Amino acid sequence: MNYLGIAALLNSHQPGFSLAQPFYTSDAILIFEWQHIWQKNWLFAGNTAQIPKPGDFFIYNLQKDAIIIIRGNKGEVYAHYNTCAHRGSAICLEQKGNAPKLICPYHQWVYDKDGTLLNARMMPDDFCKEKFNLRSVHAAVVEGLIFICLAEDAPDFSPIKKSLAPYLMPFKIKDAKVAAIKNYTLRANWKLVAENFRECYHCGGAHPEYCSAVIGANLREDTDTLTATKQKEWNEKTLATELVEVTAGTTTYAVRYPLRPGVESYSIDGKKISIPMGMHKDHDAGVVGLVNYPNFWMDAVSDYIWTMRVTAVTASSTDLEFCWLVDANAIEGKDYDVNRLTQFWEITGEQDGQLCENNFRGIETNGYGPGPYAPVEDQVINFVEWCVGEMRKGFEK
């Protein structure tokens with residue numbers, strides 16, 4: 001499919017309806033999305049708890065690119081292409097680890113954590129090392145969450161920081177502990193995963209565990225009175241409650257909503273999972289839900305955080321990384337059990353994964369055509385229209 005075909009599809013899109021089939025199945029569309037969505041916006045990479053010490057690193061794989069996320073000597077976070085400036089070899093051969101210096105395994109060029117070339121052995125005396133530092137990408141941190149941008153000129157990060165920071169601050173993620181990380185691959189287009197996590201139209205029939213924990217998730221209960229009462233209590237605790245919507249020029253959604261009365265945490269039995277995180281003093285802070293387009297989702301309760309990083313692989317394949325964070329002082333086996341900690345979102349995530357794969361399987365057929373969204377799918381409409389808008393920018397001069 002050429003640019004004219006993509007332009008025609010964008011022009012034929014009807015707001016309020018799902019996207020035409022090629023937007024979910026065409027690799028040509030994904031390439032276009034990669035250029036105009038993934039390579040131009042801030043992407044969630046992980047969190048600082050994954051790299052607590054200088055030299056700690058992990059790799060974020062994005063299509064053919066591999067980005068080294070590494071902790072600096074003074075706590076900074078740097079992001080570099082995993083590509084030696086000499087002849088292009090991959091430098092970090094493991095997905096995570098610790099590297100006091102970044103040393104290319106091919107010819108042993110040595111780089112500092114900030115990407116500066118320190119030593120290029122056997123090069124001429126007049127060799128200018130300053131011209132051959134690692135190629136870095138933009139990195140920004142908000143309250144322990146790491147975002148990167150592959151664009152030469154990154155968009156302003158301050159709106160994202162302003163929206164997320166008030167909700168994140170009480171958890172003290174920069175001092176938190178990674179309790180578990182699990183990776184999954186779905187046979188579904190990445191947008192279907194994002195759409196699924198932007199609505200609860202499906203929750204009543206698909207997520208009994210989630211609906212048991214969150215009042216109103218089944219869309220059959222009036223939550224206004226409880227929400228108003230809880231917001232008053234949360235405000236008295238100086239917890240953020242102001243709804244943040246994705247509007248023109250922004251990418252962030254943030255909300256706090258109540259758990260079902262008597263439920264203390266996201267757990268199968270409704271009981272607390274661990275000790276309260278960070279500045280929280282009890283298990284009554286509700287649920288913090290955060291989103292940043294195109295690839296970041298987070299749900300947090302008083303005693304743990306669950307993040308989801310979405311990465312498009314092909315038009316029909318999406319990688320997900322789930323990460324669970326607990327308080328820095330929480331002791332495994334005493335304050336929390338890892339299996340119990342991960343159980344709620346593993347069950348819910350598996351249910352959602354099946355729904356997304358079913359959705360993709362139906363979209364692949366000749367019988368698929370764009371269908372109308374229900375009023376309760378307004379956040380799906382918001383996401384789809386954002387994607388369409390970002391792709392349309394690819395035709396602006």
# chains A, B, ... in the order shown; residues from 1 in each chain; ligands from 1
>>> residues_around(residues="A:Asp282", least_positions_apart="2", cutoff="10 Å", atoms="only C-alpha atoms", output="MDAnalysis selection string")
chainID A and resid 264 272 275:277 279:280 284:285 302:303
>>> write_last_selection(atoms="C-alpha atoms", output="PDB file, in the first residue's frame")
ATOM      1  CA  GLU A 264      -8.459  -3.187  50.138  1.00  0.00           C
ATOM      2  CA  LYS A 272      -4.404  -6.239  50.989  1.00  0.00           C
ATOM      3  CA  ILE A 275       2.410  -2.832  53.011  1.00  0.00           C
ATOM      4  CA  PRO A 276       1.315   0.613  51.748  1.00  0.00           C
ATOM      5  CA  MET A 277       3.688   2.102  49.174  1.00  0.00           C
ATOM      6  CA  MET A 279       3.758   7.973  51.445  1.00  0.00           C
ATOM      7  CA  HIS A 280       0.534   5.980  51.730  1.00  0.00           C
ATOM      8  CA  ASP A 284      -7.752   3.310  51.151  1.00  0.00           C
ATOM      9  CA  ALA A 285      -6.386   5.389  48.285  1.00  0.00           C
ATOM     10  CA  SER A 302      -2.211   1.694  47.915  1.00  0.00           C
ATOM     11  CA  ASP A 303       0.102  -1.302  48.199  1.00  0.00           C
TER      12      ASP A 303
END
>>> residues_around(residues="A:Leu320", least_positions_apart="2", cutoff="9 Å", atoms="only C-alpha atoms", output="PyMOL selection string")
chain A and resi 182-186+308-312+318+322
>>> write_last_selection(atoms="all heavy atoms", output="tab-separated table (two decimals), in the first residue's frame")
chain	number	residue	atom	x	y	z
A	182	LYS	N	6.93	-9.67	33.76
A	182	LYS	CA	6.53	-10.79	32.90
A	182	LYS	C	6.22	-10.25	31.50
A	182	LYS	O	5.63	-9.18	31.35
A	182	LYS	CB	5.32	-11.51	33.48
A	182	LYS	CG	5.60	-12.09	34.89
A	182	LYS	CD	4.55	-13.06	35.34
A	182	LYS	CE	4.93	-13.63	36.71
A	182	LYS	NZ	4.06	-14.74	37.14
A	183	ASN	N	6.62	-11.02	30.50
A	183	ASN	CA	6.46	-10.61	29.11
A	183	ASN	C	5.53	-11.55	28.36
A	183	ASN	O	5.55	-12.77	28.58
A	183	ASN	CB	7.82	-10.56	28.41
A	183	ASN	CG	8.72	-9.48	28.99
A	183	ASN	OD1	8.58	-8.31	28.64
A	183	ASN	ND2	9.62	-9.85	29.88
A	184	TYR	N	4.73	-10.96	27.47
A	184	TYR	CA	3.74	-11.71	26.72
A	184	TYR	C	3.74	-11.21	25.27
A	184	TYR	O	4.08	-10.06	25.00
A	184	TYR	CB	2.33	-11.52	27.29
A	184	TYR	CG	2.23	-11.80	28.77
A	184	TYR	CD1	2.48	-10.80	29.71
A	184	TYR	CD2	1.88	-13.07	29.24
A	184	TYR	CE1	2.39	-11.05	31.07
A	184	TYR	CE2	1.78	-13.33	30.59
A	184	TYR	CZ	2.04	-12.31	31.51
A	184	TYR	OH	1.97	-12.57	32.85
A	185	THR	N	3.35	-12.08	24.36
A	185	THR	CA	3.15	-11.69	22.96
A	185	THR	C	1.74	-12.09	22.55
A	185	THR	O	1.34	-13.25	22.74
A	185	THR	CB	4.18	-12.35	22.04
A	185	THR	OG1	5.49	-11.92	22.40
A	185	THR	CG2	3.92	-11.96	20.59
A	186	LEU	N	1.00	-11.14	21.99
A	186	LEU	CA	-0.36	-11.40	21.54
A	186	LEU	C	-0.42	-11.39	20.02
A	186	LEU	O	0.25	-10.58	19.37
A	186	LEU	CB	-1.32	-10.33	22.06
A	186	LEU	CG	-1.53	-10.24	23.58
A	186	LEU	CD1	-2.53	-9.14	23.90
A	186	LEU	CD2	-1.99	-11.56	24.15
A	308	MET	N	1.90	-1.56	32.36
A	308	MET	CA	1.88	-2.33	31.12
A	308	MET	C	2.52	-1.49	30.02
A	308	MET	O	2.11	-0.36	29.77
A	308	MET	CB	0.44	-2.69	30.71
A	308	MET	CG	0.38	-3.51	29.42
A	308	MET	SD	-1.31	-4.04	28.97
A	308	MET	CE	-2.05	-2.48	28.43
A	309	ARG	N	3.56	-2.05	29.41
A	309	ARG	CA	4.22	-1.41	28.27
A	309	ARG	C	3.83	-2.16	27.01
A	309	ARG	O	4.04	-3.36	26.89
A	309	ARG	CB	5.74	-1.46	28.45
A	309	ARG	CG	6.52	-0.67	27.42
A	309	ARG	CD	8.01	-0.85	27.61
A	309	ARG	NE	8.46	-2.19	27.21
A	309	ARG	CZ	9.70	-2.65	27.40
A	309	ARG	NH1	10.60	-1.91	28.02
A	309	ARG	NH2	10.03	-3.87	27.00
A	310	VAL	N	3.23	-1.45	26.06
A	310	VAL	CA	2.75	-2.03	24.81
A	310	VAL	C	3.75	-1.68	23.70
A	310	VAL	O	4.13	-0.52	23.56
A	310	VAL	CB	1.36	-1.47	24.45
A	310	VAL	CG1	0.88	-2.02	23.11
A	310	VAL	CG2	0.36	-1.79	25.55
A	311	THR	N	4.14	-2.68	22.92
A	311	THR	CA	5.07	-2.43	21.81
A	311	THR	C	4.60	-3.17	20.57
A	311	THR	O	4.44	-4.40	20.57
A	311	THR	CB	6.50	-2.90	22.16
A	311	THR	OG1	6.90	-2.33	23.41
A	311	THR	CG2	7.47	-2.46	21.07
A	312	ALA	N	4.36	-2.42	19.49
A	312	ALA	CA	3.99	-3.03	18.22
A	312	ALA	C	5.17	-3.78	17.65
A	312	ALA	O	6.30	-3.27	17.63
A	312	ALA	CB	3.52	-1.95	17.24
A	318	THR	N	1.89	-8.11	18.96
A	318	THR	CA	2.15	-7.05	19.93
A	318	THR	C	2.82	-7.64	21.16
A	318	THR	O	2.37	-8.67	21.70
A	318	THR	CB	0.83	-6.37	20.37
A	318	THR	OG1	0.17	-5.86	19.21
A	318	THR	CG2	1.10	-5.24	21.35
A	322	PHE	N	4.50	-6.60	31.57
A	322	PHE	CA	3.86	-6.28	32.84
A	322	PHE	C	4.93	-6.15	33.91
A	322	PHE	O	5.84	-6.99	33.98
A	322	PHE	CB	2.89	-7.38	33.28
A	322	PHE	CG	1.65	-7.53	32.45
A	322	PHE	CD1	1.40	-6.73	31.34
A	322	PHE	CD2	0.71	-8.49	32.77
A	322	PHE	CE1	0.24	-6.88	30.58
A	322	PHE	CE2	-0.45	-8.67	32.04
A	322	PHE	CZ	-0.68	-7.85	30.93
>>> select_by_dssp(residues="stretch 39-241 of chain A", states="alpha helix (DSSP H)", output="PyMOL selection string")
chain A and resi 158-168+190-196+203-206+208-213+224-236
>>> write_last_selection(atoms="C-alpha atoms", output="PDB file, in the first residue's frame")
ATOM      1  CA  SER A 158       6.277  19.030  30.507  1.00  0.00           C
ATOM      2  CA  PRO A 159       2.539  18.354  29.840  1.00  0.00           C
ATOM      3  CA  ILE A 160       3.111  14.647  30.514  1.00  0.00           C
ATOM      4  CA  LYS A 161       5.073  15.416  33.659  1.00  0.00           C
ATOM      5  CA  LYS A 162       2.465  17.883  34.884  1.00  0.00           C
ATOM      6  CA  SER A 163      -0.344  15.359  34.414  1.00  0.00           C
ATOM      7  CA  LEU A 164       1.359  12.279  35.851  1.00  0.00           C
ATOM      8  CA  ALA A 165       3.488  13.658  38.689  1.00  0.00           C
ATOM      9  CA  PRO A 166       0.706  14.475  41.198  1.00  0.00           C
ATOM     10  CA  TYR A 167      -0.675  10.941  40.927  1.00  0.00           C
ATOM     11  CA  LEU A 168       2.728   9.234  41.004  1.00  0.00           C
ATOM     12  CA  TRP A 190      -1.287  -3.077  18.969  1.00  0.00           C
ATOM     13  CA  LYS A 191      -4.219  -0.671  18.592  1.00  0.00           C
ATOM     14  CA  LEU A 192      -6.687  -3.408  19.537  1.00  0.00           C
ATOM     15  CA  VAL A 193      -4.775  -3.884  22.790  1.00  0.00           C
ATOM     16  CA  ALA A 194      -4.904  -0.154  23.440  1.00  0.00           C
ATOM     17  CA  GLU A 195      -8.603   0.034  22.555  1.00  0.00           C
ATOM     18  CA  ASN A 196      -9.411  -2.848  24.896  1.00  0.00           C
ATOM     19  CA  CYS A 203     -15.820  -5.852  31.758  1.00  0.00           C
ATOM     20  CA  GLY A 204     -19.171  -7.118  33.037  1.00  0.00           C
ATOM     21  CA  GLY A 205     -19.060 -10.193  30.825  1.00  0.00           C
ATOM     22  CA  ALA A 206     -15.319 -10.812  30.733  1.00  0.00           C
ATOM     23  CA  PRO A 208     -15.566 -11.213  37.119  1.00  0.00           C
ATOM     24  CA  GLU A 209     -12.470 -10.694  39.274  1.00  0.00           C
ATOM     25  CA  TYR A 210     -12.068  -7.073  38.188  1.00  0.00           C
ATOM     26  CA  CYS A 211     -15.758  -6.325  38.680  1.00  0.00           C
ATOM     27  CA  SER A 212     -15.597  -7.842  42.149  1.00  0.00           C
ATOM     28  CA  ALA A 213     -12.836  -5.383  43.033  1.00  0.00           C
ATOM     29  CA  ASP A 224     -21.490   8.919  42.053  1.00  0.00           C
ATOM     30  CA  THR A 225     -22.203   9.061  45.798  1.00  0.00           C
ATOM     31  CA  LEU A 226     -19.321   6.783  46.762  1.00  0.00           C
ATOM     32  CA  THR A 227     -16.918   8.577  44.418  1.00  0.00           C
ATOM     33  CA  ALA A 228     -17.848  11.994  45.826  1.00  0.00           C
ATOM     34  CA  THR A 229     -17.365  10.738  49.396  1.00  0.00           C
ATOM     35  CA  LYS A 230     -14.040   9.122  48.605  1.00  0.00           C
ATOM     36  CA  GLN A 231     -12.761  12.141  46.677  1.00  0.00           C
ATOM     37  CA  LYS A 232     -13.396  14.286  49.729  1.00  0.00           C
ATOM     38  CA  GLU A 233     -11.418  11.824  51.862  1.00  0.00           C
ATOM     39  CA  TRP A 234      -8.612  11.614  49.286  1.00  0.00           C
ATOM     40  CA  ASN A 235      -8.382  15.394  49.034  1.00  0.00           C
ATOM     41  CA  GLU A 236      -7.994  15.551  52.800  1.00  0.00           C
TER      42      GLU A 236
END
>>> atom_distance(atom1="atom CA of A:Ile91", atom2="atom CA of A:Ser317")
26.7 Å
>>> residues_around(residues="A:Phe58", least_positions_apart="2", cutoff="10 Å", atoms="only C-alpha atoms", output="count of residues only")
21
>>> residues_around(residues="A:Asp337", least_positions_apart="6", cutoff="10 Å", atoms="only C-alpha atoms", output="PDB file with all heavy atoms, in the first residue's frame")
ATOM      1  N   ALA A 179       9.027  -6.215  42.002  1.00  0.00           N
ATOM      2  CA  ALA A 179       8.694  -7.528  42.551  1.00  0.00           C
ATOM      3  C   ALA A 179       8.610  -8.589  41.465  1.00  0.00           C
ATOM      4  O   ALA A 179       8.914  -9.760  41.708  1.00  0.00           O
ATOM      5  CB  ALA A 179       7.370  -7.459  43.314  1.00  0.00           C
ATOM      6  N   ILE A 273      -2.446  -6.758  49.699  1.00  0.00           N
ATOM      7  CA  ILE A 273      -1.387  -7.587  49.139  1.00  0.00           C
ATOM      8  C   ILE A 273      -0.075  -7.378  49.873  1.00  0.00           C
ATOM      9  O   ILE A 273       0.670  -8.303  50.137  1.00  0.00           O
ATOM     10  CB  ILE A 273      -1.188  -7.267  47.642  1.00  0.00           C
ATOM     11  CG1 ILE A 273      -2.398  -7.732  46.823  1.00  0.00           C
ATOM     12  CG2 ILE A 273       0.094  -7.892  47.099  1.00  0.00           C
ATOM     13  CD1 ILE A 273      -2.516  -9.214  46.642  1.00  0.00           C
ATOM     14  N   SER A 274       0.229  -6.108  50.193  1.00  0.00           N
ATOM     15  CA  SER A 274       1.519  -5.765  50.776  1.00  0.00           C
ATOM     16  C   SER A 274       1.347  -4.559  51.689  1.00  0.00           C
ATOM     17  O   SER A 274       0.223  -4.077  51.898  1.00  0.00           O
ATOM     18  CB  SER A 274       2.541  -5.478  49.673  1.00  0.00           C
ATOM     19  OG  SER A 274       3.831  -5.246  50.213  1.00  0.00           O
ATOM     20  N   ILE A 331       9.140  -6.822  52.243  1.00  0.00           N
ATOM     21  CA  ILE A 331       9.992  -8.008  52.231  1.00  0.00           C
ATOM     22  C   ILE A 331       9.208  -9.182  51.642  1.00  0.00           C
ATOM     23  O   ILE A 331       8.144  -9.544  52.146  1.00  0.00           O
ATOM     24  CB  ILE A 331      10.464  -8.361  53.656  1.00  0.00           C
ATOM     25  CG1 ILE A 331      11.268  -7.192  54.243  1.00  0.00           C
ATOM     26  CG2 ILE A 331      11.309  -9.635  53.651  1.00  0.00           C
ATOM     27  CD1 ILE A 331      11.599  -7.365  55.719  1.00  0.00           C
TER      28      ILE A 331
END
>>> residues_around(residues="A:His107", least_positions_apart="2", cutoff="12 Å", atoms="only C-alpha atoms", output="PyMOL selection string")
chain A and resi 84-91+103-105+109-110+119-123
>>> select_by_dssp(residues="stretch 238-268 of chain A", states="strand (DSSP E)", output="mmCIF file with N, CA and C atoms, in the first residue's frame")
data_model
loop_
_atom_site.group_PDB
_atom_site.id
_atom_site.type_symbol
_atom_site.label_atom_id
_atom_site.label_comp_id
_atom_site.auth_asym_id
_atom_site.auth_seq_id
_atom_site.Cartn_x
_atom_site.Cartn_y
_atom_site.Cartn_z
ATOM 1 N N THR A 252 -2.014 12.284 27.627
ATOM 2 C CA THR A 252 -2.100 11.676 28.954
ATOM 3 C C THR A 252 -3.509 11.668 29.511
ATOM 4 N N TYR A 253 -3.848 10.542 30.158
ATOM 5 C CA TYR A 253 -5.111 10.390 30.871
ATOM 6 C C TYR A 253 -4.785 9.977 32.296
ATOM 7 N N ALA A 254 -5.463 10.563 33.281
ATOM 8 C CA ALA A 254 -5.230 10.222 34.684
ATOM 9 C C ALA A 254 -6.530 10.320 35.454
ATOM 10 N N VAL A 255 -6.751 9.347 36.349
ATOM 11 C CA VAL A 255 -7.996 9.304 37.108
ATOM 12 C C VAL A 255 -7.764 8.553 38.415
ATOM 13 N N ARG A 256 -8.553 8.875 39.428
ATOM 14 C CA ARG A 256 -8.593 8.079 40.654
ATOM 15 C C ARG A 256 -10.046 7.694 40.902
ATOM 16 N N TYR A 257 -10.295 6.425 41.164
ATOM 17 C CA TYR A 257 -11.661 5.966 41.382
ATOM 18 C C TYR A 257 -11.673 4.933 42.514
#
>>> closest_residue(among="A:Tyr373, A:Tyr266, A:Trp306, A:Phe157", to="A:Asn41", atoms="only C-alpha atoms")
A:Phe157
>>> closest_residue(among="A:Phe383, A:Tyr24, A:Phe197, A:Tyr336", to="A:Glu245", atoms="only C-alpha atoms")
A:Phe383
>>> closest_residue(among="A:Glu76, A:Leu259, A:Asp153, A:Leu134", to="A:Thr223", atoms="only C-alpha atoms")
A:Leu259
>>> closest_residue(among="A:Gly394, A:Tyr293, A:Leu150, A:Lys74", to="A:Val380", atoms="only C-alpha atoms")
A:Tyr293
>>> atom_distance(atom1="atom CA of A:Val388", atom2="atom CA of A:Asn295")
15.7 Å
>>> residues_around(residues="A:Ile6", least_positions_apart="4", cutoff="10 Å", atoms="only C-alpha atoms", output="VMD selection string")
chain A and resid 1 to 2 10 to 12 22 to 23 28 to 29 32 391 to 392 395
>>> atom_distance(atom1="atom CA of A:Phe344", atom2="atom CA of A:Glu321")
15.4 Å
>>> residues_around(residues="stretch 170-175 of chain A", least_positions_apart="5", cutoff="8 Å", atoms="only C-alpha atoms", output="ChimeraX atom specification")
/A:47-49,143-145,239,277-280,325,327-328
>>> decode(residues="stretch 203-214 of chain A", atoms="all heavy atoms", output="compact mmCIF listing (two decimals), in the first residue's frame")
# COMPACT_ATOMS: atom_id res chain seq x y z
N CYS A 203 -16.25 -5.36 30.44
CA CYS A 203 -15.82 -5.85 31.76
C CYS A 203 -16.86 -6.75 32.44
O CYS A 203 -16.51 -7.76 33.04
CB CYS A 203 -15.48 -4.68 32.67
SG CYS A 203 -13.98 -3.79 32.17
N GLY A 204 -18.14 -6.35 32.36
CA GLY A 204 -19.17 -7.12 33.04
C GLY A 204 -19.23 -8.57 32.61
O GLY A 204 -19.47 -9.47 33.42
N GLY A 205 -18.98 -8.83 31.33
CA GLY A 205 -19.06 -10.19 30.82
C GLY A 205 -17.75 -10.93 30.81
O GLY A 205 -17.73 -12.16 30.72
N ALA A 206 -16.62 -10.18 30.92
CA ALA A 206 -15.32 -10.81 30.73
C ALA A 206 -14.45 -10.84 31.98
O ALA A 206 -13.53 -11.66 32.07
CB ALA A 206 -14.56 -10.09 29.62
N HIS A 207 -14.70 -9.95 32.93
CA HIS A 207 -13.78 -9.79 34.07
C HIS A 207 -14.50 -9.90 35.42
O HIS A 207 -14.68 -8.91 36.12
CB HIS A 207 -13.08 -8.43 34.00
CG HIS A 207 -12.22 -8.22 32.81
ND1 HIS A 207 -11.31 -9.15 32.36
CD2 HIS A 207 -12.10 -7.15 31.97
CE1 HIS A 207 -10.68 -8.68 31.30
NE2 HIS A 207 -11.14 -7.47 31.04
N PRO A 208 -14.90 -11.09 35.82
CA PRO A 208 -15.57 -11.21 37.12
C PRO A 208 -14.68 -10.79 38.28
O PRO A 208 -15.16 -10.19 39.25
CB PRO A 208 -15.93 -12.70 37.20
CG PRO A 208 -15.03 -13.38 36.21
CD PRO A 208 -14.81 -12.38 35.12
N GLU A 209 -13.39 -11.07 38.19
CA GLU A 209 -12.47 -10.69 39.27
C GLU A 209 -12.34 -9.18 39.36
O GLU A 209 -12.38 -8.59 40.46
CB GLU A 209 -11.09 -11.32 39.06
CG GLU A 209 -11.07 -12.84 39.13
CD GLU A 209 -11.51 -13.51 37.83
OE1 GLU A 209 -11.69 -12.78 36.81
OE2 GLU A 209 -11.68 -14.74 37.84
N TYR A 210 -12.20 -8.53 38.21
CA TYR A 210 -12.07 -7.07 38.19
C TYR A 210 -13.35 -6.41 38.70
O TYR A 210 -13.31 -5.46 39.48
CB TYR A 210 -11.74 -6.61 36.77
CG TYR A 210 -11.46 -5.13 36.66
CD1 TYR A 210 -10.20 -4.63 36.99
CD2 TYR A 210 -12.43 -4.24 36.22
CE1 TYR A 210 -9.93 -3.27 36.90
CE2 TYR A 210 -12.18 -2.89 36.13
CZ TYR A 210 -10.92 -2.42 36.46
OH TYR A 210 -10.67 -1.07 36.38
N CYS A 211 -14.49 -6.91 38.25
CA CYS A 211 -15.76 -6.32 38.68
C CYS A 211 -16.02 -6.55 40.16
O CYS A 211 -16.72 -5.76 40.81
CB CYS A 211 -16.91 -6.90 37.85
SG CYS A 211 -16.89 -6.35 36.12
N SER A 212 -15.46 -7.60 40.72
CA SER A 212 -15.60 -7.84 42.15
C SER A 212 -14.77 -6.85 42.96
O SER A 212 -15.08 -6.58 44.12
CB SER A 212 -15.16 -9.27 42.50
OG SER A 212 -16.05 -10.22 41.93
N ALA A 213 -13.73 -6.31 42.34
CA ALA A 213 -12.84 -5.38 43.03
C ALA A 213 -13.24 -3.93 42.84
O ALA A 213 -13.08 -3.11 43.74
CB ALA A 213 -11.40 -5.59 42.56
N VAL A 214 -13.74 -3.59 41.66
CA VAL A 214 -14.01 -2.20 41.31
C VAL A 214 -15.51 -1.96 41.16
O VAL A 214 -16.14 -2.53 40.26
CB VAL A 214 -13.28 -1.80 40.01
CG1 VAL A 214 -13.61 -0.36 39.63
CG2 VAL A 214 -11.78 -1.99 40.16
